[in-house]
Amino acid sequence: MLLYDELKARGLVAQVTDEDYVKDLINTGKAVFYIGFDPTADSLHVGHFMALCLMKRLQSNGNKPIALMGGGTAMIGDPSGRTDMRKMMTVETIDNNVAAIKKQVSRFIDFRDGKAILANNADWLRDLNFLDFMRDYGALFSVNDMLRARAYVNRMANGLSFLEFSYMLMQAYDFLMLYQRYGCNFQFGGDDQWSNMLAGTDLIRKKLGKNAAAMTITLLLKHDGTKMGKTAGGALWLDANKTSPYEFYQYWRNIDDADVIKCLKMLTFLPLEQIHDMEGWQGADLNRAKEILAFELTSQVHGKEEAGKAQEAARSLFSGSGYSENMMESKVTEDSFKDGVIDAISLLCATGSVASRSDARRTIQQGGMTVDGEKVTDIAAAFPIEKFEKGVVVQKGKKTFRRVILA
């Protein structure tokens with residue numbers, strides 16, 4: 001199966017401006033494409049994971065990826081998918097985030113021998129002269145067309161600042177710069193980026209002529225209501241210090257049954273034939289498919305060794321043994337104990353799996369806390385310090401486990 005056909009078969013392609021042209025370039029390894037990463041944090045999350053997998057797939061077929069760090073656009077903030085304005089970050093914070101993200105991207109993309117390009121739009125956006133830019137490029141954008149873009153329509157009711165309104169111009173300018181500097185002829189992104197990317201294609205044609213080889217393809221990056229990568233504690237990060245390999249594995253091991261095959265197709269590199277064989281799996285077999293998914297994805301992000309440890313820990317829990325040395329660990333100090341005991345609310349808070357003491361109280365009262373296999377429903381329940389010398393397994397809900405030990 002040719003690469004483009006495989007992308008479609010895996011459910012990745014949402015829209016494309018010139019399918020025949022796109023298919024030819026991708027299949028023959030002639031695409032020079034970019035995907036942007038806005039450094040809103042010092043780690044990428046699962047929302048970026050599909051983009052990284054896509055870049056890896058295309059690079060393996062000879063195409064050249066450009067990983068674009070949004071060191072410039074992050075100073076504005078993308079309004080796409082937002083109901084409010086993003087928090088403004090300092091230049092120092094942005095640059096720190098860019099440095100951290102570069103390291104993560106390098107684990108997926110091979111930058112050796114010019115096989116890929118790492119760029120930062122801060123190089124051409126931060127020193128722009130406003131009047132020159134508006135004279136040269138602002139006149140090429142129609143406000144009427146921009147207001148019809150979904151990213152802006154969704155924000156009009158709550159208010160849209162001119163700062164955010166200018167984001168489309170910045171992203172379109174990115175594509176022009178990448179086209180001129182590196183011969184970039186494709187841009188990829190989530191389905192919520194369609195309007196912004198069309199603006200980039202249109203800008204190149206207006207500036208460089210209709211025959212400029214700038215096409216646009218957009219990939220469905222799981223913005224389809226399943227809220228992939230969202231947990232009770234926030235985003236599912238690719239940084240092991242933010243989301244441990246065990247937590248990462250457990251997330252995929254416990255996804256909804258309806259999403260298993262979809263995620264196997266979109267996020268793993270398993271052959272489609274092998275995945276098709278799993279489509280009819282039910283019961284224990286479906287759980288095995290979830291294990292395969294969790295192991296494959298954890299291996300990609302954290303390596304096979306960490307994936308193996310996470311799998312062993314998860315299997316210990318599912319088998320009922322309730323303990324594994326590879327389980328994510330939380331520590332409590334002696335100061336957390338009063339008269340040699342710790343109450344249930346403080347214990348649950350110590351695991352980091354709840355947002356506040358009131359959240360912990362609700363969880364316990366609703367039967368969502370288990371300690372060493374015993375359900376805890378009394379917020380006044382107390383646990384002696386001696387139990388924590390070897391560790392206590394605390395479970396919140398069905399999916400979150402921590403081994404709590406005395407520091």
# chains A, B, ... in the order shown; residues from 1 in each chain; ligands from 1
>>> residues_around(residues="A:Asn287", least_positions_apart="5", cutoff="9 Å", atoms="only C-alpha atoms", output="VMD selection string")
chain A and resid 253 to 254 257 281 to 282 292
>>> residues_around(residues="A:Cys349", least_positions_apart="5", cutoff="10 Å", atoms="only C-alpha atoms", output="number ranges by chain")
A: 344, 354-361
>>> residues_around(residues="stretch 172-179 of chain A", least_positions_apart="2", cutoff="6 Å", atoms="only C-alpha atoms", output="list in words")
Leu169, Met170, Arg181, Tyr182, Gly183, Cys184, Ala199, Gly200 and Ile204 of chain A
>>> write_last_selection(atoms="C-alpha atoms", output="PDB file, in the first residue's frame")
ATOM      1  CA  LEU A 169      -1.456  36.612   9.447  1.00  0.00           C
ATOM      2  CA  MET A 170       1.499  35.359  11.480  1.00  0.00           C
ATOM      3  CA  ARG A 181      13.979  29.502   3.050  1.00  0.00           C
ATOM      4  CA  TYR A 182      13.618  25.741   2.824  1.00  0.00           C
ATOM      5  CA  GLY A 183      11.402  24.984  -0.171  1.00  0.00           C
ATOM      6  CA  CYS A 184       8.576  23.898   2.127  1.00  0.00           C
ATOM      7  CA  ALA A 199      -4.466  31.587   4.472  1.00  0.00           C
ATOM      8  CA  GLY A 200      -0.814  30.550   4.169  1.00  0.00           C
ATOM      9  CA  ILE A 204       2.151  32.427  -1.163  1.00  0.00           C
TER      10      ILE A 204
END
>>> residues_around(residues="A:Lys265", least_positions_apart="6", cutoff="8 Å", atoms="only C-alpha atoms", output="count of residues only")
4
>>> select_by_dssp(residues="stretch 49-157 of chain A", states="helix (DSSP H, G or I)", output="MDAnalysis selection string")
chainID A and resid 49:59 73:75 91:105 112:114 122:125 130:136 138:140 143:147 150:156
>>> residues_around(residues="A:Asp239", least_positions_apart="3", cutoff="7 Å", atoms="only C-alpha atoms", output="NGL selection string")
:A and (43 or 242-243)
>>> write_last_selection(atoms="C-alpha atoms", output="JSON list (two decimals), in the first residue's frame")
[["chain", "number", "residue", "atom", "x", "y", "z"],
["A", 43, "SER", "CA", 6.66, 19.69, 27.40],
["A", 242, "LYS", "CA", 5.00, 15.40, 34.36],
["A", 243, "THR", "CA", 3.32, 12.11, 33.41]]
>>> residues_around(residues="A:Phe248", least_positions_apart="2", cutoff="9 Å", atoms="only C-alpha atoms", output="NGL selection string")
:A and (236-238 or 240 or 243-246 or 250-253 or 294 or 297-298 or 310)
>>> atom_distance(atom1="atom CA of A:Phe401", atom2="atom CA of A:Ala41")
25.7 Å
>>> closest_residue(among="A:Ile342, A:Val332, A:Ala67, A:Ile261", to="A:Phe111", atoms="only C-alpha atoms")
A:Ala67
>>> select_by_dssp(residues="stretch 232-406 of chain A", states="strand (DSSP E or B)", output="CSV table (one decimal) with N, CA and C atoms, in the first residue's frame")
chain,number,residue,atom,x,y,z
A,234,GLY,N,-5.4,16.9,34.2
A,234,GLY,CA,-5.0,17.8,33.1
A,234,GLY,C,-4.5,17.0,31.9
A,235,ALA,N,-3.5,17.6,31.2
A,235,ALA,CA,-3.1,17.0,30.0
A,235,ALA,C,-2.2,15.8,30.3
A,237,TRP,N,1.1,14.4,29.5
A,237,TRP,CA,2.4,14.9,29.0
A,237,TRP,C,3.3,13.9,28.5
A,329,GLU,N,5.0,6.2,42.4
A,329,GLU,CA,5.2,6.3,43.8
A,329,GLU,C,5.0,7.8,44.3
A,330,SER,N,4.3,7.9,45.5
A,330,SER,CA,4.2,9.2,46.2
A,330,SER,C,4.8,9.0,47.6
A,331,LYS,N,5.3,10.1,48.1
A,331,LYS,CA,5.9,10.0,49.4
A,331,LYS,C,5.2,10.9,50.4
A,332,VAL,N,5.2,10.4,51.6
A,332,VAL,CA,4.6,11.2,52.7
A,332,VAL,C,5.7,11.3,53.8
A,338,LYS,N,-0.4,12.9,62.3
A,338,LYS,CA,-0.8,13.4,63.6
A,338,LYS,C,-1.1,12.3,64.6
A,341,VAL,N,-0.9,8.9,62.9
A,341,VAL,CA,-1.8,8.4,61.8
A,341,VAL,C,-2.1,9.6,60.8
A,342,ILE,N,-2.5,9.2,59.6
A,342,ILE,CA,-2.9,10.1,58.6
A,342,ILE,C,-4.3,9.9,58.2
A,343,ASP,N,-5.1,10.9,58.0
A,343,ASP,CA,-6.5,10.8,57.7
A,343,ASP,C,-6.7,10.5,56.2
A,369,MET,N,-12.3,5.8,46.6
A,369,MET,CA,-11.0,5.6,47.2
A,369,MET,C,-10.8,4.2,47.7
A,370,THR,N,-9.7,3.6,47.4
A,370,THR,CA,-9.4,2.2,47.9
A,370,THR,C,-8.0,2.2,48.5
A,371,VAL,N,-7.8,1.6,49.6
A,371,VAL,CA,-6.5,1.5,50.2
A,371,VAL,C,-6.2,0.0,50.5
A,374,GLU,N,-9.1,-2.3,50.0
A,374,GLU,CA,-10.3,-2.0,50.8
A,374,GLU,C,-10.8,-0.7,50.5
A,375,LYS,N,-12.1,-0.6,50.2
A,375,LYS,CA,-12.8,0.6,49.9
A,375,LYS,C,-12.9,1.5,51.1
A,376,VAL,N,-12.6,2.8,51.0
A,376,VAL,CA,-12.7,3.8,52.1
A,376,VAL,C,-13.8,4.8,51.8
A,382,ALA,N,-8.5,6.6,59.4
A,382,ALA,CA,-7.1,6.9,59.7
A,382,ALA,C,-6.2,5.7,59.5
A,383,PHE,N,-4.9,6.0,59.1
A,383,PHE,CA,-4.0,4.9,58.7
A,383,PHE,C,-2.7,5.2,59.5
A,384,PRO,N,-2.2,4.1,60.2
A,384,PRO,CA,-1.0,4.3,61.1
A,384,PRO,C,0.3,4.4,60.2
A,392,VAL,N,1.8,1.7,50.8
A,392,VAL,CA,0.4,1.4,50.8
A,392,VAL,C,-0.1,1.8,49.4
A,393,VAL,N,-0.9,0.9,48.8
A,393,VAL,CA,-1.4,1.1,47.5
A,393,VAL,C,-2.7,1.8,47.6
A,394,VAL,N,-2.8,3.1,47.1
A,394,VAL,CA,-4.0,3.9,47.1
A,394,VAL,C,-4.5,4.0,45.7
A,395,GLN,N,-5.8,3.7,45.6
A,395,GLN,CA,-6.5,3.7,44.3
A,395,GLN,C,-7.6,4.8,44.3
A,396,LYS,N,-7.6,5.6,43.2
A,396,LYS,CA,-8.6,6.6,43.1
A,396,LYS,C,-9.4,6.2,41.8
A,400,THR,N,-6.5,5.1,38.5
A,400,THR,CA,-5.4,5.8,39.1
A,400,THR,C,-4.9,5.1,40.4
A,401,PHE,N,-3.6,4.6,40.3
A,401,PHE,CA,-3.0,3.9,41.4
A,401,PHE,C,-1.7,4.6,41.9
A,402,ARG,N,-1.5,4.6,43.1
A,402,ARG,CA,-0.2,5.1,43.7
A,402,ARG,C,0.3,4.2,44.8
A,403,ARG,N,1.5,4.0,44.9
A,403,ARG,CA,2.1,3.4,46.0
A,403,ARG,C,2.7,4.5,46.9
A,404,VAL,N,2.1,4.7,48.1
A,404,VAL,CA,2.5,5.7,49.0
A,404,VAL,C,3.4,5.2,50.1
A,405,ILE,N,4.6,5.8,50.2
A,405,ILE,CA,5.6,5.3,51.1
A,405,ILE,C,6.1,6.4,52.0
A,406,LEU,N,6.6,6.1,53.1
A,406,LEU,CA,7.2,7.1,54.1
A,406,LEU,C,8.5,7.6,53.6
